[in-house]
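Pasting my_file.txt here (compact mmCIF, C-alpha atoms):
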# COMPACT_ATOMS: atom_id res chain seq x y z
CA MET A 1 0.00 0.00 0.00
CA GLU A 2 1.37 3.38 -1.01
CA LEU A 3 -0.35 5.37 1.70
CA GLU A 4 -1.62 4.25 5.06
CA ILE A 5 -3.33 6.53 7.54
CA LEU A 6 -3.94 5.41 11.09
CA LYS A 7 -5.92 7.66 13.37
CA GLU A 8 -5.82 7.81 17.13
CA LYS A 9 -7.08 10.23 19.74
CA LYS A 10 -5.25 11.62 22.72
CA ASP A 11 -6.51 14.37 25.05
CA GLY A 12 -9.05 15.54 22.45
CA ILE A 13 -6.39 15.75 19.76
CA THR A 14 -6.66 13.61 16.65
CA ILE A 15 -3.32 12.16 15.64
CA MET A 16 -3.01 11.07 12.02
CA ASN A 17 -0.11 8.67 11.56
CA ILE A 18 0.91 8.78 7.93
CA LYS A 19 2.88 6.00 6.27
CA GLY A 20 4.05 6.10 2.65
CA ALA A 21 3.87 8.87 0.10
CA ILE A 22 1.37 11.65 -0.47
CA ASN A 23 1.32 12.50 -4.15
CA ALA A 24 -1.30 13.06 -6.86
CA HIS A 25 -2.09 9.33 -6.78
CA THR A 26 -2.64 8.91 -3.07
CA VAL A 27 -3.92 12.38 -2.21
CA ASN A 28 -7.59 11.37 -2.46
CA GLU A 29 -7.12 9.05 0.47
CA PHE A 30 -5.44 11.81 2.47
CA GLU A 31 -8.23 14.25 1.59
CA LYS A 32 -10.88 11.71 2.60
CA ALA A 33 -9.20 11.19 5.97
CA LEU A 34 -9.04 14.94 6.55
CA GLU A 35 -12.66 15.45 5.54
CA GLN A 36 -13.73 12.64 7.82
CA CYS A 37 -12.09 14.49 10.70
CA LEU A 38 -14.07 17.64 9.85
CA GLU A 39 -17.30 15.62 9.67
CA ASN A 40 -16.54 14.22 13.12
CA ARG A 41 -15.84 17.77 14.29
CA GLU A 42 -12.27 16.86 15.06
CA PHE A 43 -10.51 20.17 14.53
CA LYS A 44 -7.31 19.64 16.50
CA LEU A 45 -5.23 17.62 14.09
CA LEU A 46 -1.67 16.51 14.64
CA ILE A 47 -0.15 14.89 11.59
CA ASN A 48 2.60 12.48 12.53
CA CYS A 49 4.99 12.29 9.57
CA LYS A 50 7.41 9.79 11.09
CA GLU A 51 6.84 7.30 8.27
CA LEU A 52 5.97 9.76 5.52
CA ASP A 53 8.40 9.17 2.65
CA TYR A 54 7.54 12.25 0.67
CA ILE A 55 4.82 14.81 0.08
CA SER A 56 4.21 16.59 -3.20
CA SER A 57 2.25 19.76 -3.85
CA ALA A 58 -0.91 17.64 -4.04
CA GLY A 59 -0.59 16.96 -0.30
CA LEU A 60 -0.04 20.63 0.48
CA GLY A 61 -3.15 21.42 -1.54
CA ALA A 62 -5.15 18.94 0.55
CA LEU A 63 -4.06 20.70 3.74
CA MET A 64 -4.93 24.10 2.26
CA GLY A 65 -8.37 22.72 1.39
CA VAL A 66 -9.30 22.15 5.03
CA ILE A 67 -7.24 24.62 7.04
CA GLU A 68 -9.80 27.44 6.82
CA THR A 69 -12.61 25.24 8.21
CA VAL A 70 -10.29 23.92 10.91
CA LYS A 71 -9.23 27.41 12.00
CA THR A 72 -12.72 28.92 11.91
CA ASN A 73 -13.79 26.12 14.26
CA GLY A 74 -11.08 27.01 16.73
CA GLY A 75 -8.75 24.19 15.73
CA ASP A 76 -5.41 23.87 14.05
CA ILE A 77 -3.32 21.49 11.98
CA LYS A 78 0.17 20.85 13.29
CA LEU A 79 2.79 18.41 12.09
CA CYS A 80 5.53 16.46 13.81
CA ASN A 81 8.41 14.08 13.09
CA THR A 82 8.94 15.32 9.54
CA SER A 83 12.05 14.10 7.73
CA ASN A 84 14.43 16.79 6.48
CA SER A 85 13.08 16.45 2.96
CA VAL A 86 9.43 16.75 4.00
CA TYR A 87 10.27 19.74 6.22
CA ARG A 88 12.10 21.39 3.31
CA VAL A 89 8.99 21.23 1.11
CA PHE A 90 6.95 23.07 3.74
CA ASP A 91 9.73 25.52 4.52
CA ILE A 92 10.68 26.44 0.96
CA LEU A 93 7.10 27.46 0.16
CA GLY A 94 6.59 29.34 3.42
CA PHE A 95 4.08 26.79 4.72
CA THR A 96 5.88 26.67 8.06
CA GLU A 97 4.24 30.03 8.79
CA LEU A 98 0.81 28.44 8.55
CA PHE A 99 1.57 24.96 9.88
CA GLN A 100 3.70 24.56 12.99
CA ILE A 101 6.09 21.62 12.78
CA PHE A 102 7.46 19.89 15.88
CA ASN A 103 10.34 17.48 16.35
CA SER A 104 8.31 14.95 18.31
CA LEU A 105 4.76 13.80 18.88
CA GLU A 106 4.99 14.88 22.53
CA GLU A 107 5.98 18.42 21.56
CA GLY A 108 3.10 18.60 19.09
CA LEU A 109 0.59 17.41 21.70
CA LYS A 110 2.01 19.83 24.24
CA ALA A 111 1.63 22.74 21.80
CA PHE A 112 -2.07 21.94 21.40
CA ASN A 113 -2.61 21.70 25.12
CA LYS A 114 -0.82 24.99 25.64
CA ASN A 115 -2.45 26.99 22.86
CA GLY A 116 -5.77 25.19 22.48
CA MET B 1 32.03 13.61 -12.11
CA ASP B 2 32.02 13.69 -15.89
CA ARG B 3 30.13 10.74 -17.29
CA ASN B 4 27.65 9.99 -19.99
CA PHE B 5 24.46 8.65 -18.57
CA TYR B 6 21.35 8.04 -20.60
CA LEU B 7 18.14 6.33 -19.60
CA LYS B 8 14.73 6.55 -21.19
CA THR B 9 11.54 5.10 -19.83
CA THR B 10 7.93 5.26 -20.97
CA ILE B 11 4.95 5.21 -18.67
CA LYS B 12 1.22 5.52 -19.18
CA ALA B 13 -0.21 8.87 -18.12
CA ASP B 14 -1.42 7.47 -14.83
CA THR B 15 -0.63 8.75 -11.37
CA GLU B 16 -0.10 5.15 -10.21
CA TYR B 17 3.42 5.41 -11.66
CA LEU B 18 4.41 8.44 -9.57
CA THR B 19 5.93 6.62 -6.62
CA LEU B 20 7.85 4.34 -8.98
CA ILE B 21 9.25 7.31 -10.93
CA ASN B 22 10.11 9.05 -7.68
CA LYS B 23 12.14 6.03 -6.58
CA LEU B 24 13.80 5.64 -9.99
CA THR B 25 14.82 9.31 -10.05
CA SER B 26 16.13 9.09 -6.52
CA ASP B 27 18.26 6.04 -7.41
CA ILE B 28 19.62 7.69 -10.55
CA CYS B 29 20.56 10.81 -8.56
CA LYS B 30 22.33 8.65 -5.98
CA MET B 31 24.23 6.85 -8.73
CA LEU B 32 25.30 10.16 -10.25
CA GLY B 33 26.67 11.41 -6.95
CA PHE B 34 23.98 13.85 -5.88
CA SER B 35 23.54 14.31 -2.15
CA GLU B 36 20.53 12.57 -0.63
CA GLU B 37 18.91 15.99 -0.12
CA ASN B 38 19.35 17.01 -3.75
CA GLY B 39 18.23 13.58 -4.92
CA LYS B 40 14.95 13.93 -3.02
CA ASN B 41 14.44 17.47 -4.30
CA ILE B 42 15.02 16.40 -7.91
CA SER B 43 12.72 13.38 -7.50
CA LEU B 44 9.98 15.65 -6.22
CA ALA B 45 10.46 18.07 -9.14
CA VAL B 46 10.06 15.13 -11.57
CA ASP B 47 6.95 13.94 -9.69
CA GLU B 48 5.46 17.43 -10.10
CA ALA B 49 6.36 17.64 -13.81
CA VAL B 50 4.85 14.20 -14.52
CA THR B 51 1.74 15.07 -12.49
CA ASN B 52 1.29 18.29 -14.51
CA THR B 53 1.64 16.32 -17.74
CA ILE B 54 -0.99 13.77 -16.65
CA LYS B 55 -3.41 16.45 -15.45
CA HIS B 56 -2.95 19.31 -17.89
CA ALA B 57 -1.40 17.88 -21.06
CA TYR B 58 -3.42 14.66 -21.13
CA LYS B 59 -6.41 15.61 -18.94
CA MET B 60 -6.04 12.31 -17.05
CA ASP B 61 -6.26 10.12 -20.18
CA ASN B 62 -4.29 7.11 -18.95
CA LYS B 63 -4.05 5.53 -22.40
CA LYS B 64 -1.49 8.14 -23.41
CA ASP B 65 2.26 7.78 -23.06
CA ILE B 66 4.78 9.90 -21.21
CA GLU B 67 8.48 9.50 -21.93
CA ILE B 68 11.03 10.42 -19.33
CA GLU B 69 14.65 10.86 -20.39
CA TYR B 70 17.57 11.17 -18.01
CA ILE B 71 20.72 12.55 -19.66
CA THR B 72 23.99 13.81 -18.28
CA LYS B 73 25.78 16.48 -20.25
CA GLU B 74 28.65 18.72 -19.21
CA ASN B 75 28.24 17.90 -15.54
CA GLU B 76 24.52 18.52 -15.58
CA LEU B 77 21.60 16.16 -15.19
CA ILE B 78 18.88 16.91 -17.72
CA ILE B 79 15.49 15.29 -17.25
CA LYS B 80 13.00 15.62 -20.06
CA ILE B 81 9.35 14.75 -19.66
CA LEU B 82 7.89 14.34 -23.16
CA HIS B 83 4.29 14.05 -24.31
CA THR B 84 2.03 14.55 -27.32
CA GLY B 85 -0.85 16.20 -25.47
CA ILE B 86 -1.73 19.84 -24.96
CA PRO B 87 1.48 21.88 -24.74
CA ILE B 88 2.02 23.75 -21.51
CA SER B 89 2.57 27.35 -22.46
CA PRO B 90 5.24 28.95 -20.25
CA ASP B 91 3.59 32.39 -20.49
CA LYS B 92 0.38 30.92 -19.09
CA LEU B 93 2.08 29.58 -16.00
CA VAL B 94 0.94 31.31 -12.86
CA PHE B 95 3.42 31.79 -10.06
CA PRO B 96 1.49 32.30 -6.86
CA ASP B 97 2.33 35.15 -4.51
CA MET B 98 3.04 32.92 -1.50
CA LYS B 99 2.17 35.58 1.10
CA GLU B 100 -1.28 36.07 -0.39
CA TYR B 101 -1.57 32.35 -1.06
CA LEU B 102 -1.11 31.45 2.58
CA GLU B 103 -3.23 34.32 3.92
CA LYS B 104 -6.17 33.45 1.70
CA TYR B 105 -5.79 29.66 1.98
CA LYS B 106 -5.50 29.20 -1.78
CA LYS B 107 -4.98 25.89 -3.58
CA GLY B 108 -3.09 24.79 -6.68
CA GLY B 109 -0.11 26.11 -8.61
CA LEU B 110 2.44 24.88 -6.10
CA GLY B 111 3.98 22.17 -8.30
CA ILE B 112 5.69 24.62 -10.61
CA MET B 113 6.96 26.58 -7.59
CA LEU B 114 8.62 23.44 -6.20
CA MET B 115 10.13 22.61 -9.59
CA ILE B 116 11.64 26.08 -9.88
CA LYS B 117 12.93 26.10 -6.31
CA PHE B 118 14.52 22.65 -6.50
CA MET B 119 16.00 22.72 -10.03
CA ASP B 120 18.53 25.05 -11.66
CA SER B 121 16.23 25.54 -14.62
CA VAL B 122 12.77 24.54 -15.78
CA GLU B 123 12.00 24.93 -19.48
CA TYR B 124 9.00 24.12 -21.63
CA GLY B 125 9.16 23.58 -25.37
CA SER B 126 8.28 21.47 -28.40
CA GLU B 127 10.32 19.38 -30.83
CA ASN B 128 8.85 17.62 -33.84
CA ASP B 129 5.35 16.66 -32.73
CA ARG B 130 6.19 16.35 -29.09
CA HIS B 131 6.17 18.76 -26.20
CA PHE B 132 8.45 18.67 -23.21
CA CYS B 133 9.29 19.95 -19.80
CA LYS B 134 13.06 20.05 -19.30
CA LEU B 135 14.50 20.05 -15.82
CA THR B 136 18.21 20.73 -15.31
CA LYS B 137 20.42 20.41 -12.25
CA LYS B 138 24.17 20.75 -11.94
CA ILE B 139 25.76 17.56 -10.60
CA GLY B 140 27.64 17.87 -7.35
Let's see the structure in the file written out as structure tokens.
Amino acid sequence: MELEILKEKKDGITIMNIKGAINAHTVNEFEKALEQCLENREFKLLINCKELDYISSAGLGALMGVIETVKTNGGDIKLCNTSNSVYRVFDILGFTELFQIFNSLEEGLKAFNKNG
Amino acid sequence: MDRNFYLKTTIKADTEYLTLINKLTSDICKMLGFSEENGKNISLAVDEAVTNTIKHAYKMDNKKDIEIEYITKENELIIKILHTGIPISPDKLVFPDMKEYLEKYKKGGLGIMLMIKFMDSVEYGSENDRHFCKLTKKIG
């Protein structure tokens, strides 16, 4: 399987564990998972990229497609455990200004608990 | 490293080949002596160029062919993505203003930005009856 998404909940925060690649082929699955979160009114999303091989612009587009709804509902999308190459994609386009990225899952969870 | 490398592969215009092409590009870059970081950047640029070809040149018609050529010349890696679909006109390319993009939560147009940021040059053109996107990166 090229993309696997496993969801878990911790302290009211939805953690999405991503495994594989997010590109134009797999992005529908990623979008579906994000939309399902919105339907469930899960607006605090922490995307764990520990096993994410790579993300293309299709994946960034999927995040942009839901971020407004997430923010207007008092939530946020944060990321953690990105590899250098995944971080670089976010950073080079300025996406790190919109999406906070943390070195570990614990730091990401802590940031939600601190800032809401 | 000065060497002559040439590899050509043909895929159907289907996104199911993207991960495979990403891996192939990454392996070629490694073989040519690119750093892991540059190899991943180049692989992503190729992914974006192939995606654009599938979506815009062929409008998702997966019966069509896309050729990908990897050539080294004068210490540069040249990757050409060739097709016979609708040519991508460079003057119609839109480069998003990233500040506005992020403030207004826009979507789309990021692929070309990544290609430009990660490669030394990105060119579009036509030869004979085929159209191409040419990505170039200095080796080393």
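Between CA of Ala62 in chain A and CA of Lys114 in chain A lies a distance of 26.2 Å.
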TODO: Can you check which residues of chain A have any atom within 12 Å of chain B? Use all atoms listed in the file and format it as a PyMOL selection string.
DONE: chain A and resi 1-3+20-28+53-71+83-99
Using only C-alpha atoms, which residues sit within 8 Å of Pro87 in chain B once same-chain residues fewer than 4 positions away are excluded, as a PDB file with C-alpha atoms, in the frame of the given file?
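Everything below was put into result-v5.pdb:
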ATOM      1  CA  ALA B  57      -1.400  17.880 -21.060  1.00  0.00           C
ATOM      2  CA  GLY B 125       9.160  23.580 -25.370  1.00  0.00           C
ATOM      3  CA  SER B 126       8.280  21.470 -28.400  1.00  0.00           C
ATOM      4  CA  HIS B 131       6.170  18.760 -26.200  1.00  0.00           C
ATOM      5  CA  PHE B 132       8.450  18.670 -23.210  1.00  0.00           C
TER       6      PHE B 132
END
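Distances to Lys137 in chain B were evaluated for B:Asp120, B:Asp27, B:Asp61, B:Glu74 using all atoms listed in the file, and the minimum falls at B:Asp120.
Going from CA of Asn113 in chain A to CA of Lys32 in chain A covers 26.0 Å.
Going from CA of Ser35 in chain B to CA of Glu51 in chain A covers 20.9 Å.
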Subset file as an mmCIF file, in the first residue's frame: range 1-69 of chain A, C-alpha atoms:
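Saved result, selection22.cif, follows:
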data_model
loop_
_atom_site.group_PDB
_atom_site.id
_atom_site.type_symbol
_atom_site.label_atom_id
_atom_site.label_comp_id
_atom_site.auth_asym_id
_atom_site.auth_seq_id
_atom_site.Cartn_x
_atom_site.Cartn_y
_atom_site.Cartn_z
ATOM 1 C CA MET A 1 0.000 0.000 0.000
ATOM 2 C CA GLU A 2 1.373 3.375 -1.013
ATOM 3 C CA LEU A 3 -0.353 5.372 1.704
ATOM 4 C CA GLU A 4 -1.624 4.247 5.063
ATOM 5 C CA ILE A 5 -3.326 6.534 7.536
ATOM 6 C CA LEU A 6 -3.937 5.411 11.085
ATOM 7 C CA LYS A 7 -5.919 7.662 13.366
ATOM 8 C CA GLU A 8 -5.816 7.808 17.130
ATOM 9 C CA LYS A 9 -7.078 10.229 19.745
ATOM 10 C CA LYS A 10 -5.248 11.623 22.715
ATOM 11 C CA ASP A 11 -6.511 14.368 25.053
ATOM 12 C CA GLY A 12 -9.045 15.540 22.449
ATOM 13 C CA ILE A 13 -6.394 15.753 19.761
ATOM 14 C CA THR A 14 -6.657 13.609 16.649
ATOM 15 C CA ILE A 15 -3.316 12.157 15.645
ATOM 16 C CA MET A 16 -3.014 11.074 12.017
ATOM 17 C CA ASN A 17 -0.112 8.674 11.563
ATOM 18 C CA ILE A 18 0.911 8.777 7.929
ATOM 19 C CA LYS A 19 2.883 6.002 6.275
ATOM 20 C CA GLY A 20 4.051 6.097 2.647
ATOM 21 C CA ALA A 21 3.874 8.875 0.099
ATOM 22 C CA ILE A 22 1.369 11.651 -0.472
ATOM 23 C CA ASN A 23 1.319 12.504 -4.151
ATOM 24 C CA ALA A 24 -1.295 13.058 -6.861
ATOM 25 C CA HIS A 25 -2.092 9.330 -6.785
ATOM 26 C CA THR A 26 -2.640 8.908 -3.067
ATOM 27 C CA VAL A 27 -3.917 12.377 -2.209
ATOM 28 C CA ASN A 28 -7.594 11.372 -2.455
ATOM 29 C CA GLU A 29 -7.123 9.047 0.472
ATOM 30 C CA PHE A 30 -5.441 11.808 2.471
ATOM 31 C CA GLU A 31 -8.234 14.249 1.592
ATOM 32 C CA LYS A 32 -10.879 11.712 2.603
ATOM 33 C CA ALA A 33 -9.203 11.187 5.968
ATOM 34 C CA LEU A 34 -9.038 14.941 6.555
ATOM 35 C CA GLU A 35 -12.661 15.453 5.538
ATOM 36 C CA GLN A 36 -13.734 12.636 7.821
ATOM 37 C CA CYS A 37 -12.095 14.495 10.697
ATOM 38 C CA LEU A 38 -14.066 17.639 9.853
ATOM 39 C CA GLU A 39 -17.301 15.623 9.671
ATOM 40 C CA ASN A 40 -16.540 14.221 13.124
ATOM 41 C CA ARG A 41 -15.842 17.773 14.292
ATOM 42 C CA GLU A 42 -12.266 16.860 15.059
ATOM 43 C CA PHE A 43 -10.514 20.172 14.528
ATOM 44 C CA LYS A 44 -7.311 19.636 16.498
ATOM 45 C CA LEU A 45 -5.228 17.621 14.092
ATOM 46 C CA LEU A 46 -1.671 16.515 14.640
ATOM 47 C CA ILE A 47 -0.147 14.891 11.589
ATOM 48 C CA ASN A 48 2.601 12.482 12.532
ATOM 49 C CA CYS A 49 4.991 12.293 9.571
ATOM 50 C CA LYS A 50 7.409 9.795 11.089
ATOM 51 C CA GLU A 51 6.840 7.295 8.269
ATOM 52 C CA LEU A 52 5.973 9.762 5.521
ATOM 53 C CA ASP A 53 8.402 9.166 2.653
ATOM 54 C CA TYR A 54 7.538 12.251 0.674
ATOM 55 C CA ILE A 55 4.824 14.814 0.084
ATOM 56 C CA SER A 56 4.214 16.591 -3.197
ATOM 57 C CA SER A 57 2.247 19.765 -3.847
ATOM 58 C CA ALA A 58 -0.915 17.643 -4.043
ATOM 59 C CA GLY A 59 -0.592 16.959 -0.302
ATOM 60 C CA LEU A 60 -0.039 20.625 0.484
ATOM 61 C CA GLY A 61 -3.155 21.424 -1.542
ATOM 62 C CA ALA A 62 -5.153 18.945 0.545
ATOM 63 C CA LEU A 63 -4.058 20.702 3.738
ATOM 64 C CA MET A 64 -4.933 24.098 2.264
ATOM 65 C CA GLY A 65 -8.368 22.717 1.387
ATOM 66 C CA VAL A 66 -9.302 22.147 5.029
ATOM 67 C CA ILE A 67 -7.244 24.621 7.040
ATOM 68 C CA GLU A 68 -9.802 27.440 6.823
ATOM 69 C CA THR A 69 -12.613 25.243 8.208
#
